[in-house]
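Peer 1: What follows is a single structure, and I will ask about it in a moment.
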Amino acid sequence: MLNVSIYRYNPEVDQEPYMQDFQIDTQGKDIMVLDVLEKLKVEDPTLVFRRSCREGVCGSDGMNISGKNGLACVTPLSEAVKKNKLVIRPLPGLPVIRDLVIDMSQFYAQYEKIQPYMINNTPAPAIERLQSPEERAKLDGLYECILCACCSTACPSFWWNPDKFIGPSGLLQAYRFLADSRDTATEERLANLDDPFSVFRCHGIMNCVQVCPKGLNPTKAIGHIRNMLVRSAT
Amino acid sequence: MVTTVTSLGRSGLSDWLIQRVSAVVMTAYLIFIVGYLIATPDLTYTQWAALNSTLPMRMFSLLTILSIAAHAWIGMWCVLTDYITVRLIGPKATILRIIFQLGMMAVTLLYVVWAIDILWGI
């Protein structure tokens with residue numbers, strides 16, 4: 001039997017959050033953490049968590065699994081269980097709505113700040129704006145982000161200043177548009193980032209890289225943004 | 001864009017550059033001083049005073065002190081704006097943070113003046 005300890009909090013009933021222990025028979029199979037949660041939800045329907053695609057594409061089930069942020073649907077028990085115990089908490093740093101569900105408004109507000117869309121006011125060509133294969137290749141490792149918030153909620157700089165520091169996820173997206181050959185707002189985008197908080201609160205501890213379930217590297221993208229700022233402002 | 005008025009250079013990029021350059025200066029000074037002490041095992045006060053009263057050495061020391069001051073200002077400012085915030089300790093945080101920031105600036109500037117006094121007083 002696998003011991004599972006889950007963070008529970010229902011603000012309508014509970015004075016404060018607590019950890020609830022469950023036992024579950026996995027029949028020795030290396031199932032995903034999400035499968036465990038689904039089994040437990042059958043036992044206790046009051047357990048609340050977000051999930052959708054169950055294959056690491058939608059980014060809904062980001063949570064703190066045995067101390068490390070990740071997607072429950074693509075984290076097998078063999079990676080998460082330590083000493084026959086699985087500990088599941090909500091992503092740290094953002095307000096908890098109930099059990100494993102967090103309020104991601106702050107995270108989305110930062111995403112909105114970096115204007116995550118193409119800006120190009122030149123007349124549109126007849127068919128499409130073309131890119132060379134080399135220009136397109138610059139977007140690899142950037143566009144794959146699914147906004148699960150595992151990285152930003154693993155970042156102490158984001159914990160302390162979620163209203164001022166864009167966070168690794170937002171900055172990865174910021175660089176995605178800075179690096180895009182079709183975007184013409186590079187200068188404005190850079191000007192919006194040159195303050196002591198937005199980008200420069202990153203101290204390069206690389207928690208984001210360690211937890212990203214898609215294997216992306218926000219620290220590297222932040223380094224590229226810094227280099228672009230240095231080039232344009234010195 | 002987040003506006004700040006108590007950070008050293010007002011701009012994130014400027015603070016970041018200053019912190020990197022000042023770190024290089026401090027490292028160079030450390031290597032020089034440690035190298036000098038190793039190369040001069042029987043150091044006397046006269047030799048030490050002679051070294052520190054030359055103009056290039058005074059300049060190097062002053063540059064290092066200014067680097068330490070700038071580096072400390074940027075670093076302490078980061079620490080204060082991380083931990084003394086309304087989010088973490090409530091509404092009194094703003095006034096408390098300003099007091100700490102002003103205190104940090106005063107101490108840093110006083111150390112610089114004191115260091116200049118020592119350097120040119122040898």
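Here's how to read the names in the structure tokens: chain A, B, ... by the order shown, residue numbers from 1 in each chain, ligand numbers from 1 in the order shown.
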Can you build me a table of chain A residues sitting at most 6 Å from chain B, with the closest atom pair per residue and its distance in Å to one decimal, using only C-alpha atoms, sorted by chain and residue number, as JSON lines?

Peer 2:
```
{"residue": "A:Trp160", "atom": "CA", "partner": "B:Asp82", "partner_atom": "CA", "distance": 5.4}
{"residue": "A:Asn192", "atom": "CA", "partner": "B:Met1", "partner_atom": "CA", "distance": 4.8}
{"residue": "A:Leu193", "atom": "CA", "partner": "B:Met1", "partner_atom": "CA", "distance": 5.8}
{"residue": "A:Asp194", "atom": "CA", "partner": "B:Gly12", "partner_atom": "CA", "distance": 5.5}
{"residue": "A:Asp195", "atom": "CA", "partner": "B:Gly12", "partner_atom": "CA", "distance": 4.2}
{"residue": "A:Pro196", "atom": "CA", "partner": "B:Gly12", "partner_atom": "CA", "distance": 3.5}
{"residue": "A:Phe200", "atom": "CA", "partner": "B:Gly12", "partner_atom": "CA", "distance": 5.7}
```

Peer 1: So that I have them on file, write out the residues from the current selection with N, CA and C atoms, as a PDB file, in the first residue's frame.

Peer 2:
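Saved as selection28.pdb:
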```pdb
ATOM      1  N   TRP A 160       8.251  36.280  -3.732  1.00  0.00           N
ATOM      2  CA  TRP A 160       8.310  37.531  -2.955  1.00  0.00           C
ATOM      3  C   TRP A 160       7.658  38.695  -3.713  1.00  0.00           C
ATOM      4  N   ASN A 192       9.895  48.260 -21.873  1.00  0.00           N
ATOM      5  CA  ASN A 192       8.978  47.893 -20.791  1.00  0.00           C
ATOM      6  C   ASN A 192       9.614  46.949 -19.771  1.00  0.00           C
ATOM      7  N   LEU A 193      10.754  46.387 -20.104  1.00  0.00           N
ATOM      8  CA  LEU A 193      11.369  45.385 -19.219  1.00  0.00           C
ATOM      9  C   LEU A 193      12.561  45.928 -18.423  1.00  0.00           C
ATOM     10  N   ASP A 194      13.011  47.149 -18.777  1.00  0.00           N
ATOM     11  CA  ASP A 194      14.245  47.655 -18.182  1.00  0.00           C
ATOM     12  C   ASP A 194      14.021  48.349 -16.842  1.00  0.00           C
ATOM     13  N   ASP A 195      13.526  47.639 -15.871  1.00  0.00           N
ATOM     14  CA  ASP A 195      13.421  48.185 -14.514  1.00  0.00           C
ATOM     15  C   ASP A 195      14.025  47.143 -13.582  1.00  0.00           C
ATOM     16  N   PRO A 196      14.241  47.483 -12.291  1.00  0.00           N
ATOM     17  CA  PRO A 196      14.937  46.514 -11.432  1.00  0.00           C
ATOM     18  C   PRO A 196      14.114  45.264 -11.076  1.00  0.00           C
ATOM     19  N   PHE A 200      15.151  41.771 -13.992  1.00  0.00           N
ATOM     20  CA  PHE A 200      16.379  41.683 -13.217  1.00  0.00           C
ATOM     21  C   PHE A 200      16.202  41.118 -11.817  1.00  0.00           C
TER      22      PHE A 200
END
```

Peer 1: List the neighbours of B:Leu110 out to 12 Å using only C-alpha atoms; skip same-chain residues closer than 6 positions along the sequence, and give me the result as a short mmCIF file (atom, residue, chain, number, x, y, z; two decimals) with C-alpha atoms, in the first residue's frame.

Peer 2:
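Output (result18.cif):
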```
data_model
loop_
_atom_site.label_atom_id
_atom_site.label_comp_id
_atom_site.auth_asym_id
_atom_site.auth_seq_id
_atom_site.Cartn_x
_atom_site.Cartn_y
_atom_site.Cartn_z
CA ILE B 65 35.55 50.77 -1.85
CA LEU B 66 33.18 52.45 -4.31
CA ALA B 69 29.43 50.40 -1.71
CA GLY B 103 19.64 53.61 6.89
CA MET B 104 21.44 51.35 4.43
CA ILE B 116 38.55 58.09 1.90
CA ASP B 117 39.60 59.73 5.16
#
```

Peer 1: Measure the distance from atom CA of A:Phe107 to atom CA of A:Asn121 in Å and round it to one decimal.

Peer 2: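 Straight-line distance from atom CA of A:Phe107 to atom CA of A:Asn121 works out to 28.1 Å.
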
Peer 1: Separation of atom CA of A:Pro76 and atom CA of A:Arg8, in Å?

Peer 2: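 For atom CA of A:Pro76 relative to atom CA of A:Arg8, the distance reads 21.9 Å.
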
Peer 1: Find the residues around A:Pro90 up to 12 Å (only C-alpha atoms counted), leave out those fewer than 4 positions away in its own chain, and share them as a VMD selection string.

Peer 2: chain A and resid 6 to 9 17 19 48 to 50 60 to 72 94 to 104 149 to 150 153 to 154

Peer 1: Let me see the file: selected residues, N, CA and C atoms, as a tab-separated table (two decimals), in the first residue's frame.

Peer 2:
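What follows is the written file again.tsv:
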```
chain	number	residue	atom	x	y	z
A	6	ILE	N	-2.01	14.42	1.32
A	6	ILE	CA	-2.49	15.48	0.43
A	6	ILE	C	-2.91	16.72	1.21
A	7	TYR	N	-2.53	17.86	0.69
A	7	TYR	CA	-2.90	19.16	1.26
A	7	TYR	C	-4.39	19.38	1.05
A	8	ARG	N	-5.09	19.61	2.14
A	8	ARG	CA	-6.53	19.86	2.04
A	8	ARG	C	-6.87	21.22	2.63
A	9	TYR	N	-7.73	21.93	1.95
A	9	TYR	CA	-8.20	23.21	2.48
A	9	TYR	C	-9.48	23.61	1.78
A	17	PRO	N	-5.42	25.14	6.56
A	17	PRO	CA	-5.11	23.95	5.76
A	17	PRO	C	-4.54	22.83	6.64
A	19	MET	N	-2.87	18.43	6.31
A	19	MET	CA	-2.47	17.34	5.42
A	19	MET	C	-3.32	16.12	5.76
A	48	VAL	N	-10.40	18.17	-4.40
A	48	VAL	CA	-10.50	19.02	-5.60
A	48	VAL	C	-9.13	19.26	-6.23
A	49	PHE	N	-9.05	19.07	-7.52
A	49	PHE	CA	-7.84	19.41	-8.28
A	49	PHE	C	-8.23	19.69	-9.72
A	50	ARG	N	-7.35	20.41	-10.44
A	50	ARG	CA	-7.63	20.69	-11.86
A	50	ARG	C	-6.98	19.63	-12.71
A	60	SER	N	-2.98	21.94	-16.89
A	60	SER	CA	-3.93	22.22	-15.80
A	60	SER	C	-3.48	21.65	-14.45
A	61	ASP	N	-2.84	20.48	-14.48
A	61	ASP	CA	-2.60	19.80	-13.20
A	61	ASP	C	-1.19	20.01	-12.65
A	62	GLY	N	-0.72	21.25	-12.75
A	62	GLY	CA	0.55	21.60	-12.11
A	62	GLY	C	0.36	21.55	-10.61
A	63	MET	N	1.24	20.84	-9.90
A	63	MET	CA	1.16	20.80	-8.44
A	63	MET	C	2.51	20.46	-7.87
A	64	ASN	N	2.65	20.58	-6.55
A	64	ASN	CA	3.92	20.28	-5.91
A	64	ASN	C	3.91	18.83	-5.47
A	65	ILE	N	4.70	18.01	-6.18
A	65	ILE	CA	4.68	16.57	-5.96
A	65	ILE	C	5.96	16.15	-5.24
A	66	SER	N	5.81	15.70	-4.00
A	66	SER	CA	6.96	15.35	-3.15
A	66	SER	C	8.05	16.41	-3.19
A	67	GLY	N	7.62	17.67	-3.10
A	67	GLY	CA	8.57	18.77	-2.98
A	67	GLY	C	9.01	19.39	-4.29
A	68	LYS	N	8.59	18.81	-5.42
A	68	LYS	CA	9.01	19.38	-6.70
A	68	LYS	C	7.79	19.67	-7.57
A	69	ASN	N	7.74	20.88	-8.12
A	69	ASN	CA	6.61	21.22	-8.98
A	69	ASN	C	6.63	20.37	-10.25
A	70	GLY	N	5.45	19.95	-10.68
A	70	GLY	CA	5.38	19.17	-11.92
A	70	GLY	C	3.94	18.93	-12.31
A	71	LEU	N	3.75	18.32	-13.46
A	71	LEU	CA	2.41	17.98	-13.90
A	71	LEU	C	2.09	16.57	-13.42
A	72	ALA	N	0.97	16.44	-12.69
A	72	ALA	CA	0.61	15.14	-12.12
A	72	ALA	C	0.43	14.08	-13.20
A	94	LEU	N	1.14	31.02	-4.66
A	94	LEU	CA	-0.09	31.68	-5.10
A	94	LEU	C	-1.22	31.28	-4.16
A	95	PRO	N	-2.26	32.12	-4.03
A	95	PRO	CA	-3.34	31.83	-3.07
A	95	PRO	C	-4.07	30.52	-3.41
A	96	VAL	N	-4.40	29.76	-2.38
A	96	VAL	CA	-5.13	28.51	-2.60
A	96	VAL	C	-6.62	28.81	-2.59
A	97	ILE	N	-7.32	28.30	-3.60
A	97	ILE	CA	-8.78	28.46	-3.66
A	97	ILE	C	-9.41	27.31	-2.87
A	98	ARG	N	-8.98	26.10	-3.19
A	98	ARG	CA	-9.44	24.93	-2.44
A	98	ARG	C	-8.54	23.74	-2.77
A	99	ASP	N	-8.15	22.99	-1.76
A	99	ASP	CA	-7.28	21.82	-1.92
A	99	ASP	C	-6.08	22.11	-2.83
A	100	LEU	N	-6.04	21.51	-4.02
A	100	LEU	CA	-4.88	21.66	-4.90
A	100	LEU	C	-5.10	22.73	-5.97
A	101	VAL	N	-6.21	23.45	-5.86
A	101	VAL	CA	-6.53	24.47	-6.87
A	101	VAL	C	-6.06	25.84	-6.39
A	102	ILE	N	-5.22	26.49	-7.20
A	102	ILE	CA	-4.72	27.81	-6.82
A	102	ILE	C	-5.31	28.89	-7.71
A	103	ASP	N	-5.27	30.12	-7.18
A	103	ASP	CA	-5.73	31.28	-7.93
A	103	ASP	C	-4.55	31.78	-8.78
A	104	MET	N	-4.66	31.65	-10.09
A	104	MET	CA	-3.53	31.98	-10.97
A	104	MET	C	-3.61	33.39	-11.56
A	149	ALA	N	2.60	27.06	-15.02
A	149	ALA	CA	3.03	27.82	-13.83
A	149	ALA	C	3.95	27.04	-12.91
A	150	CYS	N	4.39	25.86	-13.30
A	150	CYS	CA	5.33	25.11	-12.46
A	150	CYS	C	6.60	25.91	-12.22
A	153	THR	N	6.07	29.34	-10.05
A	153	THR	CA	5.77	29.08	-8.64
A	153	THR	C	6.90	28.30	-7.95
A	154	ALA	N	7.98	28.01	-8.69
A	154	ALA	CA	9.15	27.40	-8.05
A	154	ALA	C	10.22	28.46	-7.83
```

Peer 1: What residues in stretch 97-205 of chain A get the DSSP label helix (DSSP H, G or I)? Please answer as a PyMOL selection string.

Peer 2: chain A and resi 105-113+133-137+152-154+156-160+167-178+186-193

Peer 1: Excluding A:His203 and its own-chain neighbours fewer than 5 positions away, which residues fall within 10 Å of it when counting only C-alpha atoms? Please give them as a list in words.

Peer 2: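 Contacts, in chain order: Cys155, Pro156, Ser157 and Thr219 of chain A.
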
Peer 1: Applying 6 Å and only C-alpha atoms, which residues near stretch 22-33 of chain B remain after dropping the ones on its own chain fewer than 3 positions away? List them as a PyMOL selection string.

Peer 2: chain B and resi 18-19+36+64+67

Peer 1: If we count only C-alpha atoms and set the cut-off at 10 Å, which residues sit around B:Leu119, ignoring sequence neighbours fewer than 4 positions away in its own chain? Please answer as a list in words.

Peer 2: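 What passes the distance filter is Asn52, Ser53, Leu55, Met57, Arg58, Met59, Ser61, Leu62, Val113, Trp114 and Ala115 of chain B.
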
Peer 1: How about saving the chosen residues, C-alpha atoms kept, as an mmCIF file, in the first residue's frame?

Peer 2:
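File written: result.cif
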```
data_model
loop_
_atom_site.group_PDB
_atom_site.id
_atom_site.type_symbol
_atom_site.label_atom_id
_atom_site.label_comp_id
_atom_site.auth_asym_id
_atom_site.auth_seq_id
_atom_site.Cartn_x
_atom_site.Cartn_y
_atom_site.Cartn_z
ATOM 1 C CA ASN B 52 49.194 52.268 0.577
ATOM 2 C CA SER B 53 50.446 55.817 0.309
ATOM 3 C CA LEU B 55 48.621 57.308 -5.618
ATOM 4 C CA MET B 57 47.262 52.104 -4.758
ATOM 5 C CA ARG B 58 44.997 54.747 -3.237
ATOM 6 C CA MET B 59 43.043 54.910 -6.492
ATOM 7 C CA SER B 61 41.587 50.981 -2.996
ATOM 8 C CA LEU B 62 39.114 53.807 -3.573
ATOM 9 C CA VAL B 113 33.666 58.943 3.376
ATOM 10 C CA TRP B 114 35.400 57.239 6.300
ATOM 11 C CA ALA B 115 37.403 55.048 3.907
#
```

Peer 1: One decimal, Å: what's the distance from atom CA of A:Ile88 over to atom CA of A:Leu37, could you say?

Peer 2: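 Distance between the two atoms: 9.4 Å.
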